[in-house]
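**Student:** I'd like to ask some things about the structure below.
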Amino acid sequence: MPWRTSPRPAVIVAESLRRLPDPPFTAAPPLGASATGVVAAIARSLAPPMAPEPAPPWLRDSQQATFARALGALRKFRVALIADPVGSGKTWVALALARAVSEEGAVVIAPAVLRDQWERCAARAEVDLVIQSHEQWSRRTFALPPGLIVVDESHRFRHPYIRRYGNLAPALMGREGVLLTATPVVNRLADVAHQLLLLARDDALAGARIPSLLESLEGGEAPPPLADLVITGRPAPGRPAVLERAIAADEAEEAEAQRILHTLETLRLSPSGPIRALIGGVFTAALASSQAALLAALGRYRNLLLQCGDASRAGLRLGRRELAAFLGPDLEQTVLWPLLDLTGGSTDLIGADLPALDECIAAIRERPVREPKLARLGAALVDGAVTVVFTGSRATVDLLRRALTPASRIAWISGAGAGIGPMRLSRREVLRWFGPRAPAHELGPRILVATDVAAEGLDLQRAQRVVHYDLPWTAVRLDQRAGRAVRMGSRHTGVEIVTLLPPAVLEARLSVLARLARKRPLPSRLGLGPAPETVWRWRSGLGARFGDEPCPGATVVDGDRDADLVSVELRAGAEVVSAFALARGSGECWTGDHVVVDRILDQAHRGRARTTNPAAVARVLAAAQPQVRAALLGASGALWRIRPLQGPIRAALRRIQSYARDAIVRRDRTALALADRGIAFVRRGHTAGERFLAERLGEPDAARLADLLATTPRPDAVPPPLRARIAGVVLVRKESRRVDAGR
């Protein structure tokens with residue numbers, strides 16, 4: 001018989017060989033409880049976790065509800081994503097949370113433009129702050145001092161391959177924090193998962209039968225238990241109404257756009273079809289903004305061709321870093337970087353286009369045609385209302401601040417600076433004229449022209465109108481722009497949102513409107529925006545609707561039709577892991593549909609109580625046993641699921657197993673304990689930072705494996721087995737069946 005030189009790795013076969021109890025409940029519910037108390041107990045069990053601590057008195061009523069839910073999520077999951085609408089005061093809620101959970105205050109990671117706003121609010125709330133900017137984290141990593149982590153505008157951390165994400169995620173391992181964004185969904189629902197994974201483990205909702213947050217959201221559906229982590233609410237009272245209108249391009253503007261496109265068709269750009277379409281798309285998008293933006297894009301492309309030619313003659317190739325420094329930070333330029341071959345060979349750009357490019361630039365400049373869109377903008381501004389005009393191009397900002405009248409009183413902000421008319425001022429001084437405490441001066445500026453640098457987090461309550469001079473690529477950016485004026489504390493009862501539609505010939509090539517329409521429904525899956533009543537909003541509002549003193553038990557009430565409702569909590573020891581409700585009508589199957597559950601709760605809350613029949617309650621519980629058992633098995637299986645390992649994580653496991661075999665041969669107990677710790681770590685769900693660490697464990701050229709294993713988090717304690725507890729039972733019976741409530 002051959003001897004094995006190393007043992008096979010252990011495999012978990014089952015959580016337990018014990019049979020589940022029958023019935024699977026910890027105890028039968030007490031009988032004869034008041035109907036309102038039972039309904040309140042069911043509502044509390046189904047609602048997202050809410051902390052009992054009182055909120056600071058300086059929070060509004062709507063903010064206090066968000067505070068309670070966010071604090072409950074922090075206590076249970078160590079993370080909360082607050083996605084209340086734009087202008088609802090998420091900054092103040094975060095400061096209140098910092099006061100509640102941390103003596104050290106908060107560490108705020110926010111866009112640099114919001115630093116002053118955070119400092120002012122923190123001073124008024126008396127909260128100590130350390131502020132670090134998104135831009136700083138894009139360049140390098142930093143040490144994070146103690147305190148509650150607050151990531152403002154967290155939708156900027158929606159993808160693990162963004163540099164700032166890769167820098168920040170490892171620093172957040174083991175920390176708790178709050179994510180703030182009114183627009184968590186940008187392109188896909190998985191954006192929400194990547195934000196949560198900065199602080200939450202991928203298996204945070206395993207007890208609710210969601211083994212993986214990322215896998216669940218990548219499937220395109222937002223499961224209801226995710227509402228425990230993501231706090232969404234309705235617009236707070238006091239926000240102005242929104243009045244929307246669109247202004248289409250006229251025939252002259254259409255003809256001018258067609259003429260310029262025809263001129264650009266003389267450029268060959270690239271032998272590669274996709275690259276040619278990409279560069280052409282950049283030029284078309286610039287033209288949709290303004291002819292000035294197009295000339296700026298053509299000028300940058302000309303410089304790119306010249307620099308590529310110089311580098312080629314010198315036997316050199318340009319890299320991304322050199323291009324980033326040369327081209328500047330404008331967003332439309334970044335799409336050009338992947339066009340260069342960074343590994344060798346040609347760049348797939350046609351350098352012989354240079355003469356034709358010069359002719360195109362000259363042809364556009366030779367016709368000093370007034371920008372066609374200016375007439376549409378002028379018509380929208382004729383009433384003199386305070387207006388913020390948003391564009392995506394610096395060149396368009398420069399054009400508008402000189403073309404609008406009187407030019408000396410046009411305020412402007414872009415990535416290159418800020419000012420009023422020809423006078424340069426600090427961004428803070430410019431924004432002060434449009435904020436909640438703006439001076440009432442008749443000679444002050446009434447128009448602010450800005451790039452999207454001013455579209456996040458700023459309070460511009462003086463503005464009565466927001467104009468989309470050109471359209472962004474995501475619906476999120478539209479909401480961010482409008483949210484600068486549609487805020488609590490606005491001076492107006494209504495804010496007008498004006499959209500200048502692109503000419504049809506440009507829309508046919510860009511499909512911007514079609515793309516925005518396709519992405520618009522995504523936030524509604526999280527209960528955001530003007531969505532219909534969803535399970536998210538329903539769960540959030542249960543506590544307010546049925547706010548009586550909870551009294552777990554069973555009750556029978558009169559109603560217009562027979563119905564049964566059983567609410568179940570799955571507990572690990574004293575901790576509630578998840579909760580669900582089962583409802584059915586007479587002769588119907590059990591369902592968890594929140595509409596059916598809500599109807600029964602409403603009937604029970606309004607109905608007249610009867611004498612509870614113990615036999616009737618026992619029959620209902622017996623009928624619900626198979627569904628409760630299935631839920632219990634599903635939740636237990638999700639908690640104990642052995643995750644399929646692929647790619648770098650599988651390589652890490654193999655490397656640790658090899659390290660363990662060597663430790664067995666050497667009889668090195670310390671090394672074997674480290675290997676056991678590492679195997680438990682790679683097998684469980686990870687935060688984003690933990691996943692980066694797990695992938696490093698599998699790199700052949702990684703540092704000494706023992707040193708890396710020593711940095712892995714210690715294994716969690718084995719959770720106690722799940723048990724089902726009945727939170728409440730409601731039997732609704734028609735008047736004609738009053739004699740026997742159980743039939």
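How things are named: the first chain in the structure tokens is A, the next is B, and so on; residues count from 1 in each chain; ligands count from 1 in the order shown.
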Could you list, as a list in words, every residue within 7 Å of range 291-305 of chain A, counting only C-alpha atoms and ignoring same-chain residues fewer than 3 positions away?

**Tutor:**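 After dropping sequence-adjacent residues, the list is Phe283, Ala286, Leu287, Cys308, Gly309, Leu327, Gly351, Leu354, Ile361, Glu371, Ser393, Ala395, Thr396 and Leu399 of chain A.
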
**Student:** Assign secondary structure with DSSP using the backbone only, and return the residues of range 152-294 of chain A in helix (DSSP H, G or I) as a PyMOL selection string.

**Tutor:** chain A and resi 154-157+163-171+190-196+206-208+213-218+224-228+251-264+273-289+291-294

**Student:** Let's have the selection written as a JSON list (two decimals), in the first residue's frame, with C-alpha atoms.

**Tutor:**
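Output saved as part_15.json:
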[["chain", "number", "residue", "atom", "x", "y", "z"],
["A", 154, "SER", "CA", -19.46, 57.05, -2.36],
["A", 155, "HIS", "CA", -20.68, 56.34, -5.92],
["A", 156, "ARG", "CA", -17.19, 57.46, -6.93],
["A", 157, "PHE", "CA", -16.01, 54.17, -5.37],
["A", 163, "ARG", "CA", -7.22, 53.55, -8.38],
["A", 164, "ARG", "CA", -8.80, 55.35, -5.44],
["A", 165, "TYR", "CA", -10.84, 52.22, -4.69],
["A", 166, "GLY", "CA", -7.76, 50.02, -4.67],
["A", 167, "ASN", "CA", -5.97, 52.46, -2.37],
["A", 168, "LEU", "CA", -8.82, 52.92, 0.09],
["A", 169, "ALA", "CA", -10.26, 49.40, 0.41],
["A", 170, "PRO", "CA", -7.26, 47.81, 2.22],
["A", 171, "ALA", "CA", -7.11, 50.73, 4.66],
["A", 190, "ALA", "CA", -23.42, 45.92, -8.89],
["A", 191, "ASP", "CA", -22.24, 49.50, -8.25],
["A", 192, "VAL", "CA", -24.06, 49.26, -4.90],
["A", 193, "ALA", "CA", -22.33, 46.00, -3.98],
["A", 194, "HIS", "CA", -18.85, 47.40, -4.63],
["A", 195, "GLN", "CA", -19.58, 50.40, -2.42],
["A", 196, "LEU", "CA", -20.86, 48.21, 0.41],
["A", 206, "ALA", "CA", -26.08, 35.14, 4.40],
["A", 207, "GLY", "CA", -28.60, 34.68, 7.21],
["A", 208, "ALA", "CA", -31.24, 36.18, 4.92],
["A", 213, "LEU", "CA", -23.97, 40.52, -2.10],
["A", 214, "LEU", "CA", -22.00, 40.88, -5.31],
["A", 215, "GLU", "CA", -23.44, 37.81, -7.01],
["A", 216, "SER", "CA", -26.96, 38.83, -6.05],
["A", 217, "LEU", "CA", -26.68, 42.35, -7.46],
["A", 218, "GLU", "CA", -24.73, 41.29, -10.54],
["A", 224, "PRO", "CA", -35.39, 42.94, -0.21],
["A", 225, "PRO", "CA", -32.99, 42.10, 2.70],
["A", 226, "LEU", "CA", -30.51, 44.56, 1.19],
["A", 227, "ALA", "CA", -32.69, 47.28, 2.70],
["A", 228, "ASP", "CA", -31.03, 46.42, 6.04],
["A", 251, "GLU", "CA", -33.57, 73.57, -38.24],
["A", 252, "ALA", "CA", -30.65, 76.01, -38.45],
["A", 253, "GLU", "CA", -28.86, 74.26, -35.59],
["A", 254, "GLU", "CA", -29.49, 70.87, -37.18],
["A", 255, "ALA", "CA", -28.05, 72.09, -40.50],
["A", 256, "GLU", "CA", -24.94, 73.55, -38.83],
["A", 257, "ALA", "CA", -24.28, 70.31, -36.94],
["A", 258, "GLN", "CA", -24.65, 68.32, -40.16],
["A", 259, "ARG", "CA", -22.19, 70.61, -41.95],
["A", 260, "ILE", "CA", -19.54, 70.17, -39.25],
["A", 261, "LEU", "CA", -19.99, 66.41, -39.16],
["A", 262, "HIS", "CA", -19.52, 66.32, -42.93],
["A", 263, "THR", "CA", -16.25, 68.25, -42.49],
["A", 264, "LEU", "CA", -15.01, 65.78, -39.86],
["A", 273, "GLY", "CA", -13.04, 50.33, -36.73],
["A", 274, "PRO", "CA", -13.70, 50.42, -32.95],
["A", 275, "ILE", "CA", -10.94, 52.97, -32.37],
["A", 276, "ARG", "CA", -12.19, 55.10, -35.26],
["A", 277, "ALA", "CA", -15.71, 55.03, -33.79],
["A", 278, "LEU", "CA", -14.35, 55.91, -30.35],
["A", 279, "ILE", "CA", -12.44, 58.98, -31.50],
["A", 280, "GLY", "CA", -15.33, 60.07, -33.70],
["A", 281, "GLY", "CA", -17.62, 59.74, -30.68],
["A", 282, "VAL", "CA", -15.37, 62.05, -28.67],
["A", 283, "PHE", "CA", -15.59, 64.70, -31.39],
["A", 284, "THR", "CA", -19.37, 64.30, -31.73],
["A", 285, "ALA", "CA", -19.89, 64.61, -27.96],
["A", 286, "ALA", "CA", -17.75, 67.77, -27.94],
["A", 287, "LEU", "CA", -19.81, 69.24, -30.79],
["A", 288, "ALA", "CA", -23.00, 68.48, -28.83],
["A", 289, "SER", "CA", -21.63, 70.76, -26.12],
["A", 291, "GLN", "CA", -18.20, 74.39, -31.30],
["A", 292, "ALA", "CA", -15.69, 75.79, -28.82],
["A", 293, "ALA", "CA", -15.55, 72.38, -27.10],
["A", 294, "LEU", "CA", -15.09, 70.68, -30.48]]

**Student:** Using CA of His134 in chain A and CA of Leu198 in chain A as the two end points, give the distance in Å to one decimal.

**Tutor:**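 Computing it gives 14.3 Å between the two atoms.
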
**Student:** Which one of A:Leu377, A:Met423, A:Val512, A:Val467 sits closest to Leu404 in chain A if you count only C-alpha atoms?

**Tutor:**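 So, comparing all the options, the nearest one is A:Leu377.
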
**Student:** I need the residues of range 397-464 of chain A that end up classed as strand (DSSP E) by DSSP on the backbone, written out as number ranges by chain.

**Tutor:** A: 410-414, 417-420, 423-424, 447-450

**Student:** Could the residues in this selection be saved with C-alpha atoms as a PDB file, in the first residue's frame?

**Tutor:**
ATOM      1  CA  ILE A 410     -21.662  86.017 -14.938  1.00  0.00           C
ATOM      2  CA  ALA A 411     -20.242  83.715 -12.251  1.00  0.00           C
ATOM      3  CA  TRP A 412     -18.334  80.676 -13.419  1.00  0.00           C
ATOM      4  CA  ILE A 413     -16.622  77.573 -12.001  1.00  0.00           C
ATOM      5  CA  SER A 414     -14.572  74.903 -13.730  1.00  0.00           C
ATOM      6  CA  GLY A 417     -10.663  78.065 -11.528  1.00  0.00           C
ATOM      7  CA  ALA A 418     -13.597  80.281 -10.612  1.00  0.00           C
ATOM      8  CA  GLY A 419     -14.641  83.899 -10.795  1.00  0.00           C
ATOM      9  CA  ILE A 420     -17.257  86.519 -11.622  1.00  0.00           C
ATOM     10  CA  MET A 423     -12.279  88.723 -12.038  1.00  0.00           C
ATOM     11  CA  ARG A 424     -10.919  85.486 -10.578  1.00  0.00           C
ATOM     12  CA  ILE A 447     -26.206  83.205 -13.507  1.00  0.00           C
ATOM     13  CA  LEU A 448     -23.632  80.559 -12.573  1.00  0.00           C
ATOM     14  CA  VAL A 449     -22.000  78.622 -15.414  1.00  0.00           C
ATOM     15  CA  ALA A 450     -20.245  75.497 -14.161  1.00  0.00           C
TER      16      ALA A 450
END

**Student:** For Gly483 in chain A, work out the shell of residues within 8 Å, counting only C-alpha atoms and skipping chain neighbours fewer than 2 positions away, then give it as a list in words.

**Tutor:**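 These residues fall inside the cut-off: Val86, Gly87, Ala455, Asp479, Gln480, Arg481, Ala485, Val486 and Arg487 of chain A.
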
**Student:** Quick one: everything within 7 Å of Cys551 in chain A, counting only C-alpha atoms, minus sequence neighbours fewer than 5 positions away in the same chain. Send it as a PyMOL selection string.

**Tutor:** chain A and resi 33+37-38+41

**Student:** Could you save the residues just selected, with C-alpha atoms, as a JSON list (two decimals), in the first residue's frame?

**Tutor:**
[["chain", "number", "residue", "atom", "x", "y", "z"],
["A", 33, "ALA", "CA", -52.43, 39.26, 22.90],
["A", 37, "GLY", "CA", -49.61, 44.80, 19.93],
["A", 38, "VAL", "CA", -49.23, 41.73, 17.72],
["A", 41, "ALA", "CA", -44.48, 43.15, 16.94]]

**Student:** Find, counting only C-alpha atoms, the residue in A:Ala581, A:Leu639, A:Val466, A:Val665 that gets nearest to Phe390 in chain A.

**Tutor:**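 Closest to Phe390 in chain A of all the choices is A:Val466.
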
**Student:** Need to verify the contact set: range 105-114 of chain A, 7 Å, only C-alpha atoms, exclusion of same-chain residues closer than 3 positions in sequence. Can you return it as a PyMOL selection string?

**Tutor:** chain A and resi 98-99+102+117-118+127-135+147-153+457

**Student:** Record the distance separating CA of Ala717 in chain A and CA of Ala579 in chain A, expressed in Å with one decimal.

**Tutor:** 22.5 Å

**Student:** Check the smallest atom-to-atom distance from each of A:Gly585, A:Gly415, A:Gly233, A:Pro146 to Ser540 in chain A using only C-alpha atoms, then report the winner.

**Tutor:**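 Using only C-alpha atoms, the shortest distance to Ser540 in chain A belongs to A:Gly233.
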
**Student:** Could you check which of A:Gly607, A:Gly685, A:Gly647, A:Pro29 is closest to Val557 in chain A, using only C-alpha atoms?

**Tutor:**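 Closest to Val557 in chain A, using only C-alpha atoms: A:Gly607.
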
**Student:** Just the residues within 10 Å of Ala663 in chain A, please, counting only C-alpha atoms, with nothing from its chain fewer than 5 positions along; format it as a list of chain:residue names.

**Tutor:**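 Once the adjacent positions are removed, what remains is A:Gln657, A:Ser658, A:Asp668, A:Arg669, A:Thr670, A:Ala671, A:Leu672, A:Ala673, A:Leu674, A:Ala675.
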
**Student:** Would you put the residues from that selection into a file with all heavy atoms, as a CSV table (one decimal), in the first residue's frame?

**Tutor:**
chain,number,residue,atom,x,y,z
A,657,GLN,N,-2.2,25.7,1.5
A,657,GLN,CA,-2.2,24.3,1.8
A,657,GLN,C,-0.8,23.7,1.7
A,657,GLN,O,-0.4,22.8,2.5
A,657,GLN,CB,-3.2,23.6,0.9
A,657,GLN,CG,-4.7,23.9,1.2
A,657,GLN,CD,-5.6,23.3,0.1
A,657,GLN,OE1,-5.2,23.1,-1.1
A,657,GLN,NE2,-6.9,23.1,0.5
A,658,SER,N,-0.1,24.2,0.7
A,658,SER,CA,1.3,23.7,0.5
A,658,SER,C,2.1,24.1,1.8
A,658,SER,O,3.0,23.4,2.3
A,658,SER,CB,1.9,24.3,-0.7
A,658,SER,OG,3.3,23.9,-0.9
A,668,ASP,N,5.8,22.2,12.9
A,668,ASP,CA,5.8,23.6,13.4
A,668,ASP,C,4.4,24.0,13.7
A,668,ASP,O,3.6,24.3,12.8
A,668,ASP,CB,6.4,24.5,12.3
A,668,ASP,CG,6.6,25.9,12.7
A,668,ASP,OD1,6.0,26.4,13.7
A,668,ASP,OD2,7.4,26.6,12.0
A,669,ARG,N,4.0,24.0,15.0
A,669,ARG,CA,2.7,24.3,15.3
A,669,ARG,C,2.3,25.7,15.1
A,669,ARG,O,1.1,26.0,14.7
A,669,ARG,CB,2.5,23.9,16.8
A,669,ARG,CG,2.6,22.4,17.1
A,669,ARG,CD,2.2,22.2,18.6
A,669,ARG,NE,2.3,20.8,18.8
A,669,ARG,CZ,1.9,20.2,20.0
A,669,ARG,NH1,1.6,21.0,21.0
A,669,ARG,NH2,2.0,18.9,20.2
A,670,THR,N,3.2,26.6,15.3
A,670,THR,CA,2.9,28.0,15.0
A,670,THR,C,2.6,28.3,13.5
A,670,THR,O,1.6,28.9,13.2
A,670,THR,CB,4.1,28.9,15.4
A,670,THR,OG1,4.4,28.7,16.8
A,670,THR,CG2,3.8,30.4,15.2
A,671,ALA,N,3.4,27.7,12.6
A,671,ALA,CA,3.1,27.8,11.2
A,671,ALA,C,1.8,27.1,10.8
A,671,ALA,O,1.0,27.6,10.0
A,671,ALA,CB,4.3,27.2,10.4
A,672,LEU,N,1.5,26.0,11.5
A,672,LEU,CA,0.3,25.3,11.2
A,672,LEU,C,-0.9,26.1,11.6
A,672,LEU,O,-2.0,26.1,10.9
A,672,LEU,CB,0.3,23.9,11.8
A,672,LEU,CG,-0.8,22.9,11.4
A,672,LEU,CD1,-0.7,22.7,9.9
A,672,LEU,CD2,-0.7,21.6,12.2
A,673,ALA,N,-0.8,26.8,12.8
A,673,ALA,CA,-1.9,27.6,13.2
A,673,ALA,C,-2.1,28.8,12.3
A,673,ALA,O,-3.3,29.2,12.0
A,673,ALA,CB,-1.6,28.1,14.6
A,674,LEU,N,-1.0,29.4,11.7
A,674,LEU,CA,-1.2,30.5,10.8
A,674,LEU,C,-1.8,29.9,9.5
A,674,LEU,O,-2.7,30.6,8.9
A,674,LEU,CB,0.2,31.0,10.4
A,674,LEU,CG,0.8,32.0,11.4
A,674,LEU,CD1,2.2,32.5,10.9
A,674,LEU,CD2,-0.1,33.3,11.5
A,675,ALA,N,-1.5,28.7,9.0
A,675,ALA,CA,-2.1,28.2,7.8
A,675,ALA,C,-3.6,27.9,8.1
A,675,ALA,O,-4.4,28.2,7.2
A,675,ALA,CB,-1.4,26.9,7.5

**Student:** Could you tell me how far CA of Pro715 in chain A sits from CA of Ile82 in chain A, in Å to one decimal place?

**Tutor:** 29.2 Å

**Student:** Write out as a ChimeraX atom specification the residues lying within 10 Å of range 237-248 of chain A, counting only C-alpha atoms and excluding same-chain residues fewer than 2 positions away.

**Tutor:** /A:60-62,86-88,234-235,250-251,253,373,376-377,379-380,461,464-468,482,485-504
